[in-house]
Amino acid sequence: MNTSGSNKVIENTNTLCEKSRIYRNTFKAWVQLDGNNLSDGQQLAVKYFTVAVILFFAQILFGMLAATQFIYPSFLYEILDFSVNRMIHINAMIIWMLYGFIGCVYWFLEDESGTEIVGLKLGNIAFWLLTSAVTVVVLVYLLVQIGPGKDSSLWFINEGREYIEAPRWADIGIVVVMLIFFYNVVATFSKGKWSGIAGVLTLDLVALAGLYVAGMFYMTNITHEQYWWWWVIHLWVEATWEVLVGVIMAWSLMKLLGVRRKIIQTWLYIEVALMFGSGILGLGHHYFWIGTPEYWLTIGGFFSALEPIPLVAMVVHAVYDSGTHAFKNGNHPALAWIIAQAFGNFFGAGVWGFMHTLPQINMFTHGTQWSASHGHLAFFGAYATINIAFFYLAIQHWRGDVWMGGGSQNAWRWKWALGLLNGGVLGMTIALLIAGYEQSFIERAIEGSTWAGYFTAQNHPSFQSAMIWRLFFGGITFAGFILLVWDLLTIGKGETRKALMIVES
Amino acid sequence: MNEIPLWASESFWKKMAIWVTAGSFLILVVLTMDSLSKTSAGSQRVPAYSVINKKIDYQYNNVSHKFMPIIGENEFLFGKEFTDEEAWHLVDLGKKTTQAKNCMNCHTLLGNGAYYAPDLTKAWLDKGWISKELREDMMVKFLMDPENNARTFGSNRKMPNLKITEQEAKGITAFLKWMSSIDTNGFPYNFKTINAEE
């Protein structure tokens, strides 16, 4: 009995494998991408990009589930509760953006260093290690969800700390993978040639990996715990990630518009000085209300008010460079997304951040939908956009450097995807801002933040309708995403014209 | 190329980037050491865990122009006086449980987290617990079986059953009581505590 049972399992597995192979081959035949167009490093990069897109999908899907629960609280109650959906929503975001960044760096590493990647095999192992770890973590989030109040829960299920919920074992895995990535970057530049871009990238990666360790400890004292937690979250997204994007942007602008290296690198150094000069002590705006001393009100308020300056500089930079090169470039969708990045970063991180960063205002906006409004526009504007721009650069090269300028076929797709995604996120941002204003007035200012005050604000018609609009614009974003994926898979297919080659001017 | 002034040159900005980053980071490290020492459990701003033996209130201070926690006379939790060690153990269990149950992805703690459920910073002092006599018991029962003790305030949002044990529920209650004693620079503003109606 047993043998026949296991035989059946093996048989079923074989048919399943066979079927998936057929599907894969059909897909490959349809998508018509030629791996010979890619260098080894670029082949590794597109693996990261693929997983990034899948996780981007997960981010939007679970975000919409959570958004639905705001309107129908009984939806998936005790099956996939809000806490689970919301956790996967924000974790998928952090991880897909990291995948995107790692992919971008592997993509230009060989070009920038002028040599082959030193530890390619190691890089591939790290990719599979990280991807299996992410899969296990997500499955545990979905199936186990929570544990008893013991250390083992924090080690194996969930650390319960917003944005860095991944259990401790996965933290260690992430550090190992980041170290392998770091080794590949440093060793490759050392073997080839160093540049200003390479130097900034290397130092930024040291900070990025090192900061993660600050978030790997359990503490009873919640003030200390949140203190270090913000070291990771803030110094990642408002400092090291911004600089990483600066590096990726610098390389992209050289390739896309042919901007001179000397100008690009000078700009990059200015960005680093402004970004770290405002962002490192701007961390103080998270230390207003967690029990930390009052001097943070002054320091955090002052330096975080300076944080928009580098973002303004980036807009100037992008617009100026595009203007001086008369928008002449070989990849229209990529340039459009880069322009979207400059403005999205400025409005989302800069303007929306500044609006509630001063302590006198933050006293009433802290812990309301203001933060969600800012979070949506900032993460999308600063980080989703640059990754999408890079996906277009990658797919163009993968197709064999085909024409992606004016008059390319089916250009409506990328234009509509751009419009729907940006419009969708902007719509969610405005809806959440209205909800945030309403909460600040009713819950915080009038009711004094009691539980009754919280629910008075949540039940208010203007809050309720804002939640409906948010879900609606989430749907628009989702539609944009579907169109984006379709476009990425088909753009340039059957195109015979070669891309406009931009040389340094 | 000689016409490029110093302030626009690559090497000038390279040095600026390094010095500004290093300087800012150094200041942050110094401030971090100061902040950590001023917020260790048992400090002025963050009371010792044994504060769960005391009455806690939150009132406007006319001198500093902000709301501040007020630690009063003895007011035992669960009718028991905890030693420093016992108090730490109980608060620690509560803190660990709030992480293991992923509270932060619905609630905010010290204003940080998700916005699907109310802030827990001063939850211990909230008027929603009706009276000080009922409070402890209500909190423990609610945490252990939120569905049947639901407190939805007309929103239809119910906390799911998170299989919290009685000991864990007591731990969370102790943790919430301790957290309400932290000096949060006046956040939240204008909060009327459960003590105010007496």
# chains A, B, ... in the order shown; residues from 1 in each chain; ligands from 1
$ residues_around --residues "stretch 84-96 of chain B" --least-positions-apart "4" --cutoff "10 Å" --atoms "only C-alpha atoms" --output "JSON, numbers by chain"
{"A": [148, 149, 150, 151, 153, 154, 159, 160, 218, 219, 220, 221, 222], "B": [41, 48, 49, 50, 51, 52, 53, 100, 101, 102, 167, 168, 169, 170, 171, 172, 173, 174, 175, 176, 177, 178, 179]}
$ select_by_dssp --residues "stretch 326-359 of chain A" --states "helix (DSSP H, G or I)" --output "PDB file with N, CA and C atoms, in the first residue's frame"
ATOM      1  N   HIS A 332      12.925  56.163 -23.828  1.00  0.00           N
ATOM      2  CA  HIS A 332      11.922  57.109 -23.336  1.00  0.00           C
ATOM      3  C   HIS A 332      11.235  56.669 -22.047  1.00  0.00           C
ATOM      4  N   PRO A 333      10.777  55.386 -21.944  1.00  0.00           N
ATOM      5  CA  PRO A 333      10.127  55.008 -20.674  1.00  0.00           C
ATOM      6  C   PRO A 333      11.059  55.168 -19.475  1.00  0.00           C
ATOM      7  N   ALA A 334      12.315  54.792 -19.620  1.00  0.00           N
ATOM      8  CA  ALA A 334      13.250  54.898 -18.494  1.00  0.00           C
ATOM      9  C   ALA A 334      13.420  56.353 -18.082  1.00  0.00           C
ATOM     10  N   LEU A 335      13.598  57.245 -19.065  1.00  0.00           N
ATOM     11  CA  LEU A 335      13.783  58.658 -18.715  1.00  0.00           C
ATOM     12  C   LEU A 335      12.522  59.221 -18.054  1.00  0.00           C
ATOM     13  N   ALA A 336      11.354  58.808 -18.581  1.00  0.00           N
ATOM     14  CA  ALA A 336      10.099  59.293 -17.984  1.00  0.00           C
ATOM     15  C   ALA A 336      10.010  58.874 -16.516  1.00  0.00           C
ATOM     16  N   TRP A 337      10.415  57.637 -16.216  1.00  0.00           N
ATOM     17  CA  TRP A 337      10.358  57.165 -14.824  1.00  0.00           C
ATOM     18  C   TRP A 337      11.409  57.857 -13.961  1.00  0.00           C
ATOM     19  N   ILE A 338      12.537  58.237 -14.577  1.00  0.00           N
ATOM     20  CA  ILE A 338      13.557  58.957 -13.809  1.00  0.00           C
ATOM     21  C   ILE A 338      13.061  60.360 -13.447  1.00  0.00           C
ATOM     22  N   ILE A 339      12.380  60.998 -14.400  1.00  0.00           N
ATOM     23  CA  ILE A 339      11.790  62.306 -14.101  1.00  0.00           C
ATOM     24  C   ILE A 339      10.725  62.133 -13.013  1.00  0.00           C
ATOM     25  N   ALA A 340       9.940  61.031 -13.122  1.00  0.00           N
ATOM     26  CA  ALA A 340       8.926  60.757 -12.097  1.00  0.00           C
ATOM     27  C   ALA A 340       9.590  60.564 -10.744  1.00  0.00           C
ATOM     28  N   GLN A 341      10.763  59.955 -10.741  1.00  0.00           N
ATOM     29  CA  GLN A 341      11.503  59.764  -9.490  1.00  0.00           C
ATOM     30  C   GLN A 341      11.882  61.112  -8.876  1.00  0.00           C
ATOM     31  N   ALA A 342      12.436  61.993  -9.707  1.00  0.00           N
ATOM     32  CA  ALA A 342      12.887  63.288  -9.180  1.00  0.00           C
ATOM     33  C   ALA A 342      11.726  64.030  -8.516  1.00  0.00           C
ATOM     34  N   PHE A 343      10.581  64.064  -9.194  1.00  0.00           N
ATOM     35  CA  PHE A 343       9.442  64.785  -8.637  1.00  0.00           C
ATOM     36  C   PHE A 343       8.783  63.998  -7.500  1.00  0.00           C
ATOM     37  N   GLY A 344       8.664  62.686  -7.675  1.00  0.00           N
ATOM     38  CA  GLY A 344       8.039  61.858  -6.643  1.00  0.00           C
ATOM     39  C   GLY A 344       8.819  61.903  -5.344  1.00  0.00           C
ATOM     40  N   ASN A 345      10.137  61.850  -5.463  1.00  0.00           N
ATOM     41  CA  ASN A 345      10.999  61.935  -4.288  1.00  0.00           C
ATOM     42  C   ASN A 345      10.835  63.293  -3.616  1.00  0.00           C
ATOM     43  N   PHE A 346      10.822  64.342  -4.429  1.00  0.00           N
ATOM     44  CA  PHE A 346      10.699  65.697  -3.872  1.00  0.00           C
ATOM     45  C   PHE A 346       9.358  65.898  -3.164  1.00  0.00           C
ATOM     46  N   PHE A 347       8.270  65.513  -3.832  1.00  0.00           N
ATOM     47  CA  PHE A 347       6.954  65.713  -3.210  1.00  0.00           C
ATOM     48  C   PHE A 347       6.706  64.712  -2.081  1.00  0.00           C
ATOM     49  N   GLY A 348       6.968  63.436  -2.344  1.00  0.00           N
ATOM     50  CA  GLY A 348       6.647  62.398  -1.369  1.00  0.00           C
ATOM     51  C   GLY A 348       7.508  62.484  -0.120  1.00  0.00           C
ATOM     52  N   ALA A 349       8.818  62.464  -0.323  1.00  0.00           N
ATOM     53  CA  ALA A 349       9.718  62.508   0.824  1.00  0.00           C
ATOM     54  C   ALA A 349       9.874  63.941   1.316  1.00  0.00           C
ATOM     55  N   GLY A 350      10.064  64.870   0.376  1.00  0.00           N
ATOM     56  CA  GLY A 350      10.370  66.248   0.752  1.00  0.00           C
ATOM     57  C   GLY A 350       9.176  67.011   1.284  1.00  0.00           C
ATOM     58  N   VAL A 351       8.216  67.274   0.408  1.00  0.00           N
ATOM     59  CA  VAL A 351       7.075  68.119   0.796  1.00  0.00           C
ATOM     60  C   VAL A 351       6.205  67.415   1.835  1.00  0.00           C
ATOM     61  N   TRP A 352       5.804  66.165   1.542  1.00  0.00           N
ATOM     62  CA  TRP A 352       4.916  65.442   2.477  1.00  0.00           C
ATOM     63  C   TRP A 352       5.619  65.174   3.811  1.00  0.00           C
ATOM     64  N   GLY A 353       6.916  64.981   3.765  1.00  0.00           N
ATOM     65  CA  GLY A 353       7.651  64.784   5.015  1.00  0.00           C
ATOM     66  C   GLY A 353       7.717  66.071   5.802  1.00  0.00           C
ATOM     67  N   PHE A 354       8.042  67.154   5.106  1.00  0.00           N
ATOM     68  CA  PHE A 354       8.199  68.441   5.777  1.00  0.00           C
ATOM     69  C   PHE A 354       6.891  68.912   6.415  1.00  0.00           C
ATOM     70  N   MET A 355       5.770  68.617   5.722  1.00  0.00           N
ATOM     71  CA  MET A 355       4.467  69.086   6.212  1.00  0.00           C
ATOM     72  C   MET A 355       4.206  68.722   7.668  1.00  0.00           C
ATOM     73  N   PRO A 359       7.887  69.579  15.376  1.00  0.00           N
ATOM     74  CA  PRO A 359       7.241  68.967  16.542  1.00  0.00           C
ATOM     75  C   PRO A 359       5.913  69.610  16.920  1.00  0.00           C
TER      76      PRO A 359
END
$ closest_residue --among "A:Gln265, A:Ser152, A:Thr357, A:Asn459" --to "B:Phe153" --atoms "only C-alpha atoms"
A:Asn459
$ closest_atom_pairs --of "chain B" --to "chain A" --cutoff "6 Å" --atoms "only C-alpha atoms" --output "CSV"
residue,atom,partner,partner_atom,distance
B:Glu10,CA,A:Thr266,CA,4.6
B:Trp13,CA,A:Tyr269,CA,5.4
B:Lys14,CA,A:Tyr269,CA,5.3
B:Ala17,CA,A:Ala273,CA,4.0
B:Val20,CA,A:Gly277,CA,5.6
B:Thr21,CA,A:Phe276,CA,5.5
B:Asp92,CA,A:Thr220,CA,5.3
B:Lys96,CA,A:Gly149,CA,5.2
B:Thr97,CA,A:Gly149,CA,3.8
B:Gln99,CA,A:Gly160,CA,4.1
B:Ala100,CA,A:Gly147,CA,5.4
B:Lys101,CA,A:Ile146,CA,5.1
B:Asn102,CA,A:Gly160,CA,4.3
B:Asn105,CA,A:Ser83,CA,4.6
B:Cys106,CA,A:Ser83,CA,5.4
B:Leu110,CA,A:Ile290,CA,5.6
B:Gly111,CA,A:Gly367,CA,4.6
B:Asn112,CA,A:Gly367,CA,5.9
B:Pro118,CA,A:Trp451,CA,5.8
B:Arg157,CA,A:Pro73,CA,5.3
B:Pro160,CA,A:Glu78,CA,5.8
B:Ile182,CA,A:Gly291,CA,6.0
B:Asp183,CA,A:Gly291,CA,5.3
B:Thr184,CA,A:Gly291,CA,4.5
B:Asn185,CA,A:Trp289,CA,5.8
B:Phe187,CA,A:Trp289,CA,6.0
B:Tyr189,CA,A:Gly448,CA,5.8
B:Asn190,CA,A:Gly448,CA,4.6
B:Phe191,CA,A:Gly448,CA,4.3
$ residues_around --residues "stretch 482-496 of chain A" --least-positions-apart "3" --cutoff "6 Å" --atoms "only C-alpha atoms" --output "PDB file with N, CA and C atoms, in the first residue's frame"
ATOM      1  N   ARG A 413       1.220  51.684 -23.946  1.00  0.00           N
ATOM      2  CA  ARG A 413       1.236  50.831 -22.755  1.00  0.00           C
ATOM      3  C   ARG A 413       2.100  51.423 -21.658  1.00  0.00           C
ATOM      4  N   ALA A 417       0.720  52.884 -18.204  1.00  0.00           N
ATOM      5  CA  ALA A 417       1.208  52.279 -16.956  1.00  0.00           C
ATOM      6  C   ALA A 417       1.792  53.371 -16.060  1.00  0.00           C
ATOM      7  N   ALA A 479      -4.124  48.228 -11.510  1.00  0.00           N
ATOM      8  CA  ALA A 479      -4.285  48.185 -12.967  1.00  0.00           C
ATOM      9  C   ALA A 479      -2.994  48.656 -13.648  1.00  0.00           C
TER      10      ALA A 479
END
$ select_by_dssp --residues "chain B" --states "strand (DSSP E)" --output "list in words"
Lys54, Lys55, Ile56, Asp57, Tyr58, Gln59, Tyr60, Asn61, Lys66, Phe67, Met68, Pro69, Ile70, Ile71, Gly72, Glu73, Asn74, Thr108, Leu109, Asn112 and Gly113 of chain B
